[in-house]
>>> print(open('work-v1.txt').read())   # compact mmCIF, C-alpha atoms
# COMPACT_ATOMS: atom_id res chain seq x y z
CA MET A 30 14.06 20.29 -27.74
CA THR A 31 10.30 20.37 -27.93
CA SER A 32 9.11 16.91 -27.12
CA GLN A 33 5.37 16.71 -27.50
CA PHE A 34 4.91 12.99 -27.50
CA GLY A 35 7.53 11.52 -25.27
CA LEU A 36 9.19 11.73 -21.93
CA ARG A 37 11.63 14.51 -21.23
CA ALA A 38 13.71 15.27 -18.17
CA ASP A 39 15.40 18.60 -17.53
CA GLU A 40 18.25 19.28 -15.12
CA LEU A 41 17.37 16.41 -12.80
CA ALA A 42 19.28 16.10 -9.57
CA CYS A 43 18.80 13.56 -6.85
CA ARG A 44 20.46 13.04 -3.51
CA ARG A 45 20.16 9.96 -1.38
CA ASP A 46 21.44 9.93 2.19
CA ASP A 47 23.51 13.07 1.52
CA ARG A 48 25.13 11.44 -1.49
CA LEU A 49 24.65 13.04 -4.87
CA LEU A 50 23.45 10.35 -7.26
CA PHE A 51 23.18 12.55 -10.33
CA ASP A 52 23.00 16.17 -11.15
CA ALA A 53 22.03 18.24 -14.21
CA LEU A 54 20.72 15.14 -15.91
CA GLY A 55 18.72 15.77 -19.04
CA PHE A 56 17.37 13.31 -21.59
CA HIS A 57 14.34 12.53 -23.65
CA ALA A 58 12.66 9.42 -24.98
CA GLU A 59 10.28 9.89 -27.86
CA LYS A 60 7.28 7.95 -29.02
CA GLY A 61 8.49 4.65 -30.45
CA GLN A 62 11.82 4.82 -28.69
CA MET A 63 13.46 2.69 -26.05
CA LEU A 64 15.75 4.28 -23.53
CA GLU A 65 18.16 2.08 -21.64
CA ILE A 66 19.47 3.51 -18.39
CA CYS A 67 22.98 2.14 -17.91
CA GLY A 68 25.27 2.34 -14.97
CA LYS A 69 27.01 0.41 -12.25
CA ASN A 70 25.26 -1.01 -9.21
CA GLY A 71 24.38 1.85 -6.92
CA SER A 72 24.64 4.52 -9.59
CA GLY A 73 21.00 5.50 -9.12
CA LYS A 74 19.23 3.66 -11.94
CA THR A 75 16.34 2.51 -9.81
CA THR A 76 16.06 5.90 -8.14
CA LEU A 77 15.90 7.56 -11.55
CA LEU A 78 13.13 5.21 -12.66
CA ARG A 79 11.19 5.96 -9.49
CA LEU A 80 11.56 9.68 -10.19
CA LEU A 81 10.15 9.11 -13.66
CA CYS A 82 7.17 7.28 -12.15
CA GLY A 83 6.50 10.08 -9.72
CA LEU A 84 7.05 7.75 -6.75
CA ARG A 85 9.82 10.08 -5.63
CA GLN A 86 10.37 13.79 -6.14
CA PRO A 87 13.62 15.00 -7.70
CA ASP A 88 15.67 17.42 -5.61
CA GLU A 89 15.96 19.62 -8.66
CA GLY A 90 14.64 19.62 -12.18
CA GLN A 91 11.41 18.62 -13.88
CA ILE A 92 10.00 15.74 -15.84
CA PHE A 93 7.63 16.25 -18.74
CA TRP A 94 5.33 13.78 -20.44
CA ARG A 95 3.87 14.92 -23.75
CA GLY A 96 5.01 18.43 -23.00
CA GLN A 97 3.29 18.61 -19.62
CA ASN A 98 4.98 18.53 -16.25
CA ILE A 99 4.08 15.19 -14.65
CA LEU A 100 3.20 16.97 -11.41
CA ASP A 101 0.51 19.06 -13.13
CA ASP A 102 -1.89 16.20 -13.69
CA PRO A 103 -0.49 13.17 -11.85
CA GLU A 104 -3.67 11.09 -12.11
CA ASN A 105 -3.71 11.38 -15.88
CA TYR A 106 0.01 10.66 -16.06
CA ARG A 107 -0.36 7.52 -13.97
CA GLN A 108 -3.05 6.31 -16.35
CA THR A 109 -0.53 6.34 -19.21
CA LEU A 110 2.24 4.72 -17.21
CA CYS A 111 3.05 1.17 -16.22
CA TYR A 112 5.92 0.49 -13.82
CA VAL A 113 7.41 -2.91 -13.14
CA GLY A 114 10.06 -2.77 -10.45
CA HIS A 115 12.11 -5.19 -8.39
CA LEU A 116 9.09 -6.05 -6.27
CA SER A 117 6.39 -8.06 -7.99
CA GLY A 118 3.43 -6.13 -6.62
CA LEU A 119 1.54 -9.42 -6.43
CA LYS A 120 -0.08 -10.78 -3.28
CA ALA A 121 1.47 -14.12 -2.35
CA ASP A 122 -1.85 -15.65 -1.28
CA LEU A 123 -3.62 -14.92 -4.56
CA SER A 124 -3.08 -16.43 -8.00
CA PRO A 125 -1.54 -14.34 -10.80
CA TYR A 126 -4.98 -14.21 -12.40
CA ASP A 127 -6.75 -12.88 -9.29
CA ASN A 128 -3.94 -10.43 -8.65
CA LEU A 129 -4.05 -8.96 -12.12
CA CYS A 130 -7.86 -8.88 -12.21
CA ALA A 131 -7.97 -6.86 -8.98
CA GLU A 132 -5.26 -4.61 -10.34
CA SER A 133 -7.01 -4.07 -13.66
CA GLN A 134 -10.06 -2.80 -11.77
CA LEU A 135 -7.83 -0.51 -9.77
CA PHE A 136 -6.57 0.96 -13.01
CA GLY A 137 -9.96 0.99 -14.68
CA VAL A 138 -9.04 -1.35 -17.54
CA SER A 139 -10.82 -4.46 -18.80
CA GLN A 140 -10.13 -7.83 -17.17
CA ASP A 141 -10.44 -9.60 -20.52
CA ALA A 142 -6.79 -9.02 -21.27
CA VAL A 143 -5.54 -10.77 -18.11
CA GLU A 144 -5.71 -14.35 -19.31
CA PRO A 145 -4.13 -13.77 -22.76
CA ALA A 146 -1.43 -11.65 -21.11
CA LEU A 147 -0.48 -14.43 -18.69
CA GLN A 148 -0.56 -16.95 -21.52
CA SER A 149 1.68 -14.89 -23.75
CA LEU A 150 4.23 -14.79 -20.93
CA GLY A 151 4.08 -18.57 -20.69
CA LEU A 152 2.04 -18.82 -17.50
CA GLY A 153 -0.93 -20.64 -19.01
CA ARG A 154 -0.64 -23.52 -16.56
CA GLU A 155 0.20 -21.43 -13.50
CA ILE A 156 -2.73 -19.08 -13.91
CA ASP A 157 -4.60 -20.30 -10.80
CA ILE A 158 -1.70 -21.23 -8.54
CA PRO A 159 -1.10 -18.94 -5.55
CA CYS A 160 1.88 -16.67 -6.20
CA HIS A 161 3.83 -17.96 -3.18
CA ARG A 162 4.20 -21.28 -5.00
CA LEU A 163 5.67 -19.74 -8.14
CA SER A 164 9.40 -19.60 -8.78
CA ALA A 165 11.22 -16.26 -8.94
CA GLY A 166 11.20 -16.33 -12.73
CA GLN A 167 7.51 -17.19 -12.92
CA LEU A 168 6.72 -14.41 -10.48
CA GLN A 169 8.65 -11.96 -12.63
CA ARG A 170 6.70 -13.10 -15.69
CA ALA A 171 3.40 -12.63 -13.86
CA SER A 172 4.56 -9.17 -12.83
CA LEU A 173 5.47 -8.32 -16.43
CA ALA A 174 2.07 -9.55 -17.62
CA ARG A 175 0.59 -6.35 -16.21
CA LEU A 176 2.25 -4.47 -19.08
CA LEU A 177 -0.07 -6.22 -21.53
CA VAL A 178 -3.12 -5.77 -19.29
CA ARG A 179 -2.71 -2.09 -18.61
CA GLY A 180 -2.50 -0.78 -22.17
CA ALA A 181 -0.23 2.06 -21.01
CA ASP A 182 1.90 4.08 -23.44
CA LEU A 183 4.92 4.55 -21.22
CA TRP A 184 6.59 1.48 -19.77
CA ILE A 185 9.12 1.97 -17.00
CA LEU A 186 10.92 -1.28 -16.25
CA ASP A 187 13.53 -1.99 -13.63
CA GLU A 188 15.47 -5.06 -14.78
CA PRO A 189 12.60 -6.73 -16.58
CA CYS A 190 14.74 -9.75 -17.42
CA ALA A 191 15.98 -10.48 -13.90
CA SER A 192 15.68 -14.19 -13.02
CA LEU A 193 14.14 -15.07 -16.40
CA ASP A 194 15.41 -17.99 -18.45
CA ARG A 195 16.78 -17.48 -21.95
CA ASP A 196 13.49 -18.14 -23.76
CA ALA A 197 11.55 -15.85 -21.49
CA GLN A 198 14.17 -13.14 -21.97
CA LEU A 199 13.72 -13.35 -25.73
CA ASN A 200 9.97 -13.28 -25.26
CA VAL A 201 10.15 -10.15 -23.11
CA GLN A 202 12.52 -8.61 -25.62
CA THR A 203 9.96 -9.16 -28.38
CA ILE A 204 7.17 -7.71 -26.24
CA LEU A 205 9.20 -4.58 -25.51
CA GLU A 206 10.17 -4.15 -29.15
CA ASN A 207 6.61 -4.58 -30.30
CA HIS A 208 5.50 -1.94 -27.84
CA ALA A 209 8.08 0.50 -29.16
CA LEU A 210 7.22 -0.31 -32.77
CA ALA A 211 3.54 0.28 -32.00
CA GLY A 212 4.41 3.81 -30.90
CA GLY A 213 4.95 3.26 -27.19
CA THR A 214 7.87 4.45 -25.10
CA VAL A 215 10.01 2.12 -22.99
CA VAL A 216 12.47 3.20 -20.32
CA PHE A 217 14.35 0.33 -18.75
CA THR A 218 17.46 -0.89 -17.01
CA THR A 219 19.07 -4.26 -17.49
CA HIS A 220 22.24 -6.16 -16.71
CA GLN A 221 21.54 -8.84 -19.30
CA PRO A 222 23.24 -8.51 -22.67
CA ILE A 223 20.11 -7.96 -24.70
CA GLU A 224 20.30 -6.73 -28.23
CA PHE A 225 17.25 -4.99 -29.56
CA LYS A 226 17.51 -5.18 -33.31
CA ARG A 227 14.15 -3.96 -34.46
CA ALA A 228 13.56 -0.98 -32.21
CA ASP A 229 15.28 2.36 -31.80
CA VAL A 230 17.26 1.98 -28.56
CA ARG A 231 19.23 4.79 -26.98
CA GLN A 232 21.45 4.56 -23.96
CA LEU A 233 21.81 6.90 -21.03
CA TRP A 234 24.84 6.38 -18.82
CA LEU A 235 24.69 7.30 -15.18
CA SER A 236 28.04 7.95 -13.67
CA LYS A 237 28.97 8.21 -10.05
CA SER A 238 30.94 11.41 -10.35
CA PRO A 239 28.48 14.30 -10.55
CA GLY A 240 28.18 16.28 -13.72
CA ASP A 241 29.43 13.75 -16.23
CA ALA A 242 26.28 11.78 -16.82
CA VAL A 243 26.13 11.77 -20.57
CA ASP A 244 23.31 11.37 -23.02
CA ALA A 245 24.89 9.04 -25.55
CA MET B 13 -13.49 5.03 -8.76
CA ARG B 14 -16.24 3.10 -7.02
CA LYS B 15 -15.22 -0.01 -8.95
CA ALA B 16 -11.61 0.37 -7.83
CA PHE B 17 -12.72 0.86 -4.23
CA PHE B 18 -14.78 -2.31 -4.23
CA ALA B 19 -12.12 -4.26 -6.12
CA LEU B 20 -9.56 -3.43 -3.45
CA LEU B 21 -12.09 -4.14 -0.71
CA GLY B 22 -12.81 -7.55 -2.25
CA ARG B 23 -9.14 -8.38 -2.70
CA ASP B 24 -8.25 -7.47 0.87
CA PHE B 25 -11.18 -9.37 2.35
CA THR B 26 -10.12 -12.45 0.39
CA LEU B 27 -6.58 -12.04 1.68
CA ALA B 28 -7.81 -11.57 5.26
CA ILE B 29 -9.91 -14.74 5.03
CA ARG B 30 -6.94 -16.71 3.66
CA ARG B 31 -4.87 -15.70 6.70
CA PRO B 32 -7.38 -16.19 9.52
CA GLY B 33 -4.58 -16.65 12.06
CA GLU B 34 -3.68 -12.97 12.03
CA ILE B 35 -7.24 -11.95 12.80
CA VAL B 36 -7.82 -14.57 15.47
CA ASP B 37 -4.53 -13.70 17.23
CA ALA B 38 -5.54 -10.11 17.94
CA TRP B 39 -9.02 -11.21 18.93
CA MET B 40 -7.73 -13.82 21.39
CA PHE B 41 -5.30 -11.25 22.76
CA PHE B 42 -8.25 -8.98 23.58
CA ILE B 43 -10.13 -11.78 25.29
CA LEU B 44 -7.08 -12.92 27.28
CA ILE B 45 -6.21 -9.44 28.59
CA VAL B 46 -9.76 -8.96 29.84
CA CYS B 47 -9.77 -12.44 31.39
CA LEU B 48 -6.56 -11.81 33.34
CA PHE B 49 -8.06 -9.01 35.44
CA PRO B 50 -10.59 -11.08 37.43
CA LEU B 51 -7.78 -13.53 38.19
CA GLY B 52 -5.55 -10.78 39.53
CA THR B 53 -8.11 -9.05 41.75
CA ASN B 54 -10.81 -9.93 44.22
CA PRO B 55 -14.01 -10.10 42.16
CA ASP B 56 -16.26 -9.52 45.19
CA ASP B 57 -15.27 -6.04 46.30
CA GLY B 58 -16.81 -4.18 43.33
CA LEU B 59 -13.50 -2.75 42.18
CA LEU B 60 -13.48 -4.94 39.11
CA THR B 61 -16.90 -3.65 38.04
CA ALA B 62 -15.76 -0.08 38.58
CA PHE B 63 -12.72 -0.65 36.38
CA ALA B 64 -14.51 -2.80 33.77
CA PRO B 65 -15.05 -0.02 31.18
CA ALA B 66 -11.41 1.00 31.34
CA ILE B 67 -10.22 -2.62 31.16
CA ILE B 68 -12.27 -3.39 28.07
CA TRP B 69 -11.24 -0.18 26.36
CA ILE B 70 -7.54 -0.60 27.14
CA ALA B 71 -7.67 -4.20 25.92
CA ALA B 72 -9.28 -2.91 22.71
CA LEU B 73 -6.50 -0.34 22.25
CA LEU B 74 -3.75 -2.92 22.77
CA SER B 75 -5.37 -5.50 20.53
CA THR B 76 -5.77 -2.91 17.77
CA LEU B 77 -2.12 -1.93 18.11
CA LEU B 78 -1.15 -5.56 17.70
CA SER B 79 -3.01 -5.93 14.42
CA LEU B 80 -2.31 -2.51 12.90
CA ASP B 81 0.92 -3.48 11.21
CA ARG B 82 -0.80 -5.72 8.72
CA ILE B 83 -2.69 -2.83 7.06
CA PHE B 84 0.30 -1.82 4.95
CA LYS B 85 3.26 -4.01 5.88
CA SER B 86 2.77 -6.84 3.41
CA ASP B 87 1.76 -4.41 0.67
CA PHE B 88 4.97 -2.49 1.29
CA LEU B 89 7.11 -5.61 1.20
CA ASP B 90 5.63 -7.17 -1.94
CA GLY B 91 5.41 -3.94 -3.93
CA SER B 92 1.63 -3.74 -4.23
CA LEU B 93 1.81 -0.47 -2.31
CA GLU B 94 3.84 1.03 -5.18
CA GLN B 95 1.25 -0.13 -7.69
CA LEU B 96 -1.50 1.27 -5.47
CA LEU B 97 0.20 4.66 -5.38
CA LEU B 98 0.69 4.54 -9.15
CA SER B 99 -2.97 3.90 -9.82
CA PRO B 100 -4.93 6.77 -11.34
CA GLN B 101 -7.50 6.63 -8.51
CA PRO B 102 -7.43 9.00 -5.53
CA VAL B 103 -5.21 7.19 -3.04
CA ALA B 104 -7.23 8.49 -0.07
CA ILE B 105 -10.27 6.52 -1.28
CA LEU B 106 -8.21 3.35 -1.76
CA VAL B 107 -6.60 3.50 1.67
CA PHE B 108 -10.05 3.98 3.15
CA ALA B 109 -10.93 0.55 1.72
CA LYS B 110 -7.86 -0.95 3.37
CA VAL B 111 -8.68 0.62 6.74
CA LEU B 112 -12.26 -0.58 6.44
CA VAL B 113 -11.03 -4.16 5.98
CA HIS B 114 -8.81 -3.76 9.02
CA TRP B 115 -11.68 -2.45 11.13
CA VAL B 116 -14.02 -5.26 10.13
CA SER B 117 -11.34 -7.83 10.95
CA SER B 118 -10.38 -6.23 14.29
CA GLY B 119 -12.79 -3.65 15.77
CA LEU B 120 -16.00 -5.28 14.63
CA LEU B 121 -14.96 -8.62 16.12
CA LEU B 122 -14.16 -6.91 19.43
CA ILE B 123 -17.64 -5.38 19.46
CA LEU B 124 -19.23 -8.77 18.89
CA ILE B 125 -17.42 -10.40 21.82
CA SER B 126 -17.64 -7.36 24.14
CA PRO B 127 -21.01 -8.27 25.80
CA LEU B 128 -19.45 -11.50 27.01
CA MET B 129 -16.44 -9.64 28.35
CA ALA B 130 -18.75 -7.16 30.10
CA ILE B 131 -20.61 -9.95 31.86
CA PHE B 132 -17.30 -11.54 32.78
CA LEU B 133 -16.21 -8.33 34.54
CA GLY B 134 -19.56 -7.90 36.23
CA LEU B 135 -20.64 -4.80 34.31
CA PRO B 136 -24.39 -4.08 34.79
CA THR B 137 -26.39 -5.31 31.80
CA GLU B 138 -27.86 -1.82 31.21
CA ALA B 139 -24.37 -0.63 30.31
CA ILE B 140 -23.78 -3.27 27.64
CA PRO B 141 -25.58 -1.50 24.76
CA VAL B 142 -23.66 1.69 25.59
CA LEU B 143 -20.41 -0.31 25.68
CA MET B 144 -21.12 -1.73 22.24
CA LEU B 145 -22.14 1.65 20.88
CA SER B 146 -19.02 3.32 22.29
CA LEU B 147 -16.86 0.61 20.70
CA LEU B 148 -18.75 1.00 17.43
CA LEU B 149 -17.93 4.73 17.40
CA GLY B 150 -14.44 4.42 18.86
CA THR B 151 -12.77 1.43 17.22
CA PRO B 152 -12.96 2.85 13.66
CA VAL B 153 -11.06 5.86 15.02
CA LEU B 154 -8.40 3.50 16.36
CA SER B 155 -8.04 1.91 12.91
CA LEU B 156 -8.02 5.24 11.06
CA VAL B 157 -5.59 7.07 13.32
CA GLY B 158 -3.49 3.94 13.68
CA ALA B 159 -3.22 3.65 9.90
CA ILE B 160 -1.64 7.12 9.72
CA ALA B 161 1.12 6.02 12.08
CA VAL B 162 1.56 2.71 10.28
CA ALA B 163 1.78 4.52 6.95
CA LEU B 164 4.48 6.77 8.38
CA THR B 165 6.54 3.97 9.91
CA VAL B 166 6.05 1.20 7.33
CA GLY B 167 9.32 1.92 5.56
CA LEU B 168 11.41 2.21 8.72
CA ARG B 169 13.66 -0.60 9.78
CA GLY B 170 13.54 -1.50 13.43
CA ALA B 171 10.46 0.60 14.12
CA GLY B 172 9.46 -1.96 16.79
CA LEU B 173 8.11 0.02 19.73
CA LEU B 174 7.77 3.26 17.80
CA LEU B 175 4.21 2.50 16.78
CA PRO B 176 2.77 2.12 20.31
CA LEU B 177 4.78 5.12 21.50
CA LEU B 178 3.37 7.25 18.70
CA LEU B 179 -0.15 5.99 18.99
CA LEU B 180 -1.06 5.47 22.63
CA PRO B 181 -1.01 9.24 23.36
CA LEU B 182 -3.15 9.85 20.29
CA TYR B 183 -5.60 7.21 21.43
CA THR B 184 -6.24 8.86 24.83
CA PRO B 185 -9.29 10.93 23.76
CA VAL B 186 -11.01 7.79 22.49
CA LEU B 187 -10.13 5.95 25.70
CA ILE B 188 -11.40 8.81 27.90
CA PHE B 189 -14.73 9.31 26.17
CA GLY B 190 -15.26 5.63 25.49
CA SER B 191 -14.79 4.44 29.02
CA HIS B 192 -16.59 7.48 30.49
CA ALA B 193 -19.66 6.69 28.42
CA VAL B 194 -19.71 3.14 29.75
CA GLN B 195 -19.03 4.28 33.30
CA ALA B 196 -21.90 6.77 33.14
CA ALA B 197 -24.25 4.07 31.86
CA ALA B 198 -23.12 1.64 34.55
CA THR B 199 -23.88 4.15 37.31
CA GLY B 200 -27.26 5.04 35.84
CA MET B 201 -26.29 8.42 34.38
CA SER B 202 -26.71 9.66 30.84
CA ALA B 203 -23.99 8.53 28.45
CA VAL B 204 -25.07 10.82 25.65
CA GLY B 205 -22.37 13.47 26.12
CA PRO B 206 -19.28 11.27 25.74
CA LEU B 207 -20.97 9.33 22.94
CA TYR B 208 -21.58 12.54 20.99
CA LEU B 209 -17.95 13.47 21.45
CA LEU B 210 -16.86 10.04 20.24
CA GLY B 211 -19.10 10.49 17.22
CA ALA B 212 -17.51 13.86 16.51
CA ILE B 213 -14.03 12.36 16.73
CA LEU B 214 -15.10 9.58 14.36
CA LEU B 215 -16.42 12.07 11.79
CA LEU B 216 -13.20 14.04 11.99
CA ALA B 217 -11.13 10.87 11.57
CA VAL B 218 -13.19 9.58 8.64
CA THR B 219 -12.81 12.83 6.73
CA LEU B 220 -9.22 13.72 7.50
CA ALA B 221 -7.36 10.46 8.23
CA PRO B 222 -7.50 9.03 4.66
CA LEU B 223 -5.81 12.17 3.33
CA ALA B 224 -3.13 11.95 6.00
CA ILE B 225 -2.63 8.23 5.34
CA ALA B 226 -2.24 8.82 1.59
CA ALA B 227 0.31 11.58 2.17
CA SER B 228 2.22 9.46 4.70
CA LEU B 229 2.38 6.52 2.30
CA ARG B 230 3.86 8.73 -0.40
CA ILE B 231 6.60 9.75 2.01
CA SER B 232 7.21 6.15 3.07
CA VAL B 233 7.75 4.71 -0.41
CA GLU B 234 10.25 7.39 -1.43
>>> encode(input="work-v1.txt", output="structure tokens")
Amino acid sequence: MTSQFGLRADELACRRDDRLLFDALGFHAEKGQMLEICGKNGSGKTTLLRLLCGLRQPDEGQIFWRGQNILDDPENYRQTLCYVGHLSGLKADLSPYDNLCAESQLFGVSQDAVEPALQSLGLGREIDIPCHRLSAGQLQRASLARLLVRGADLWILDEPCASLDRDAQLNVQTILENHALAGGTVVFTTHQPIEFKRADVRQLWLSKSPGDAVDA
Amino acid sequence: MRKAFFALLGRDFTLAIRRPGEIVDAWMFFILIVCLFPLGTNPDDGLLTAFAPAIIWIAALLSTLLSLDRIFKSDFLDGSLEQLLLSPQPVAILVFAKVLVHWVSSGLLLILISPLMAIFLGLPTEAIPVLMLSLLLGTPVLSLVGAIAVALTVGLRGAGLLLPLLLLPLYTPVLIFGSHAVQAAATGMSAVGPLYLLGAILLLAVTLAPLAIAASLRISVE
């Protein structure tokens, strides 16, 4: 199981409030692959994604990116990673454009991609409206626009299609597939019935009873 | 790295300017506390002047406490803290930018109004430059040390009074040396000693606090 170009997790275990969420969890997602984390509410999907981002440390086990433990060179790892979670990460008093421009400087990437990114998510008209006046779906789109700004290889997405309308869901689906087809890696969770036809999607089921999380 | 620092600085200043109420509240609080003392005592017996340095310094501590929460709270709630921690830049440098914005919008404003407060409490005019200098050295420490405690408690529900309970003991050295410097100047003695000590505390806080804040934030977002 030598995985030089993708994400690999070995023997992960995580406890939350004395409850074992998962244990001995191992999986890998290669370059060009999409990995869907499946499981019921409360089965630890979000926690697993946060482990993969390095926002939380696993109680046991290690995570490797391109064959290197993500703790060895966290700054470099974060450069190749883009996480979109439940929270938008956008300041309510600033417009999506200003938010993403400030963020692109934080990540050391060009601001030129901000406007096209917002446009391709259908926010061309809302580009200069403060985020507190956007609807939940528009906010989610603005949050997803950072994927196109960042130019990261590994996308970690927690319910990217939450509160999006049907068209926007299809749009996001295309964006994710294109990323995978271009050689990126996508790890995501979703409760929407989305069918990815063009990309190589694998599923990982998290189960509540310890030990029987299976790599399907 | 420098670009990221200034980008964050710019963003937070813009945000602070768009919410002027939060800044003005803490500033008015400072002014009101100081103004209540002359009303509650007899201004003629000299006691007020004797207590003036302590009153101004305690008002500065309380007003800082009131405004500390905003350093990380909104970032924690809207998820920008996560993105900040996921950025490839050293987090200690980025949090320094955030603390700097807090200091400019709290401590610096207190320094600007402090001469007026000093006159109001009858502090001798010779002591006013020392008062301003002591605040200039001391209030950044309040912001820096306060940010550590805020970073630790930002994820807690119902933290309420925890922040003042954690911080007021930690603020005592700044209070002691700050008000002693002003007292010395008011009685015609040299204020250099306490000011040097304040400066030393500031240097220590500037170098070590950002690291502690960054580590505390990582614990808080877990």
>>> atom_distance(input="work-v1.txt", atom1="CA of Leu59 in chain B", atom2="CA of Val204 in chain B")
24.3 Å
>>> atom_distance(input="work-v1.txt", atom1="CA of Leu77 in chain B", atom2="CA of Gln95 in chain B")
26.1 Å
>>> atom_distance(input="work-v1.txt", atom1="CA of Cys160 in chain A", atom2="CA of Thr219 in chain A")
24.0 Å
>>> residues_around(input="work-v1.txt", residues="Ile67 in chain B", least_positions_apart="5", cutoff="10 Å", atoms="only C-alpha atoms", output="list in words")
Ile45, Val46, Cys47, Phe49, Leu60, Thr61, Ala62, Ala72, Leu73, Met129, Ala130, Leu133 and Ser191 of chain B
>>> residues_around(input="work-v1.txt", residues="range 93-97 of chain A", least_positions_apart="4", cutoff="10 Å", atoms="only C-alpha atoms", output="MDAnalysis selection string")
chainID A and resid 31:39 57:60 81 101:102 106 109 183
>>> closest_residue(input="work-v1.txt", among="B:Gly158, B:Pro32, B:Gly22, B:Gly52", to="chain A", atoms="only C-alpha atoms")
B:Gly22
>>> closest_atom_pairs(input="work-v1.txt", of="chain A", to="chain B", cutoff="10 Å", atoms="all atoms listed in the file", output="Markdown table")
| residue | atom | partner | partner_atom | distance |
| --- | --- | --- | --- | --- |
| A:Thr76 | CA | B:Glu234 | CA | 9.0 |
| A:Arg79 | CA | B:Glu234 | CA | 8.2 |
| A:Leu80 | CA | B:Glu234 | CA | 9.1 |
| A:Cys82 | CA | B:Leu98 | CA | 7.6 |
| A:Gly83 | CA | B:Leu98 | CA | 8.0 |
| A:Leu84 | CA | B:Glu234 | CA | 6.2 |
| A:Arg85 | CA | B:Glu234 | CA | 5.0 |
| A:Gln86 | CA | B:Glu234 | CA | 7.9 |
| A:Pro103 | CA | B:Pro100 | CA | 7.8 |
| A:Glu104 | CA | B:Pro100 | CA | 4.6 |
| A:Asn105 | CA | B:Pro100 | CA | 6.6 |
| A:Tyr106 | CA | B:Pro100 | CA | 7.9 |
| A:Arg107 | CA | B:Pro100 | CA | 5.3 |
| A:Gln108 | CA | B:Pro100 | CA | 5.4 |
| A:Thr109 | CA | B:Pro100 | CA | 9.0 |
| A:Leu110 | CA | B:Leu98 | CA | 8.2 |
| A:Cys111 | CA | B:Leu98 | CA | 8.2 |
| A:Tyr112 | CA | B:Gln95 | CA | 7.7 |
| A:Val113 | CA | B:Gln95 | CA | 8.7 |
| A:Gly114 | CA | B:Gly91 | CA | 8.1 |
| A:His115 | CA | B:Gly91 | CA | 8.1 |
| A:Leu116 | CA | B:Gly91 | CA | 4.8 |
| A:Ser117 | CA | B:Gly91 | CA | 5.9 |
| A:Gly118 | CA | B:Ser92 | CA | 3.8 |
| A:Leu119 | CA | B:Ser92 | CA | 6.1 |
| A:Lys120 | CA | B:Asp90 | CA | 6.9 |
| A:Ala121 | CA | B:Asp90 | CA | 8.1 |
| A:Asp122 | CA | B:Leu27 | CA | 6.6 |
| A:Leu123 | CA | B:Leu27 | CA | 7.5 |
| A:Asp127 | CA | B:Arg23 | CA | 8.3 |
| A:Asn128 | CA | B:Arg23 | CA | 8.2 |
| A:Cys130 | CA | B:Ala19 | CA | 8.8 |
| A:Ala131 | CA | B:Ala19 | CA | 5.7 |
| A:Glu132 | CA | B:Ala19 | CA | 8.1 |
| A:Ser133 | CA | B:Ala16 | CA | 8.7 |
| A:Gln134 | CA | B:Ala16 | CA | 5.3 |
| A:Leu135 | CA | B:Ala16 | CA | 4.3 |
| A:Phe136 | CA | B:Ser99 | CA | 5.6 |
| A:Gly137 | CA | B:Ala16 | CA | 7.1 |
>>> closest_residue(input="work-v1.txt", among="A:His161, A:His220, A:Arg179, A:Lys74", to="Val143 in chain A", atoms="all atoms listed in the file")
A:Arg179
>>> axis_aligned_box(input="work-v1.txt", around="range 203-212 of chain A", padding_each_side="3 Å", output="lines of an AutoDock Vina configuration file")
center_x = 6.9
center_y = -2.7
center_z = -29.1
size_x = 12.6
size_y = 19.0
size_z = 13.3
>>> decode(input="work-v1.txt", residues="range 140-148 of chain A", atoms="N, CA and C atoms", output="short mmCIF file (atom, residue, chain, number, x, y, z; two decimals), in the first residue's frame")
data_model
loop_
_atom_site.label_atom_id
_atom_site.label_comp_id
_atom_site.auth_asym_id
_atom_site.auth_seq_id
_atom_site.Cartn_x
_atom_site.Cartn_y
_atom_site.Cartn_z
N GLN A 140 -4.78 37.10 -6.55
CA GLN A 140 -6.18 37.53 -6.39
C GLN A 140 -6.94 37.51 -7.70
N ASP A 141 -6.21 37.31 -8.81
CA ASP A 141 -6.86 37.37 -10.12
C ASP A 141 -7.95 36.32 -10.28
N ALA A 142 -7.80 35.22 -9.55
CA ALA A 142 -8.75 34.12 -9.73
C ALA A 142 -10.06 34.35 -8.96
N VAL A 143 -10.11 35.38 -8.10
CA VAL A 143 -11.26 35.53 -7.22
C VAL A 143 -12.54 35.82 -8.01
N GLU A 144 -12.46 36.80 -8.91
CA GLU A 144 -13.66 37.19 -9.64
C GLU A 144 -14.20 36.05 -10.52
N PRO A 145 -13.33 35.43 -11.37
CA PRO A 145 -13.84 34.30 -12.17
C PRO A 145 -14.40 33.17 -11.29
N ALA A 146 -13.79 32.94 -10.14
CA ALA A 146 -14.26 31.86 -9.27
C ALA A 146 -15.67 32.16 -8.79
N LEU A 147 -15.91 33.40 -8.35
CA LEU A 147 -17.24 33.76 -7.87
C LEU A 147 -18.25 33.69 -9.01
N GLN A 148 -17.80 34.11 -10.21
CA GLN A 148 -18.71 34.07 -11.36
C GLN A 148 -19.06 32.63 -11.72
#
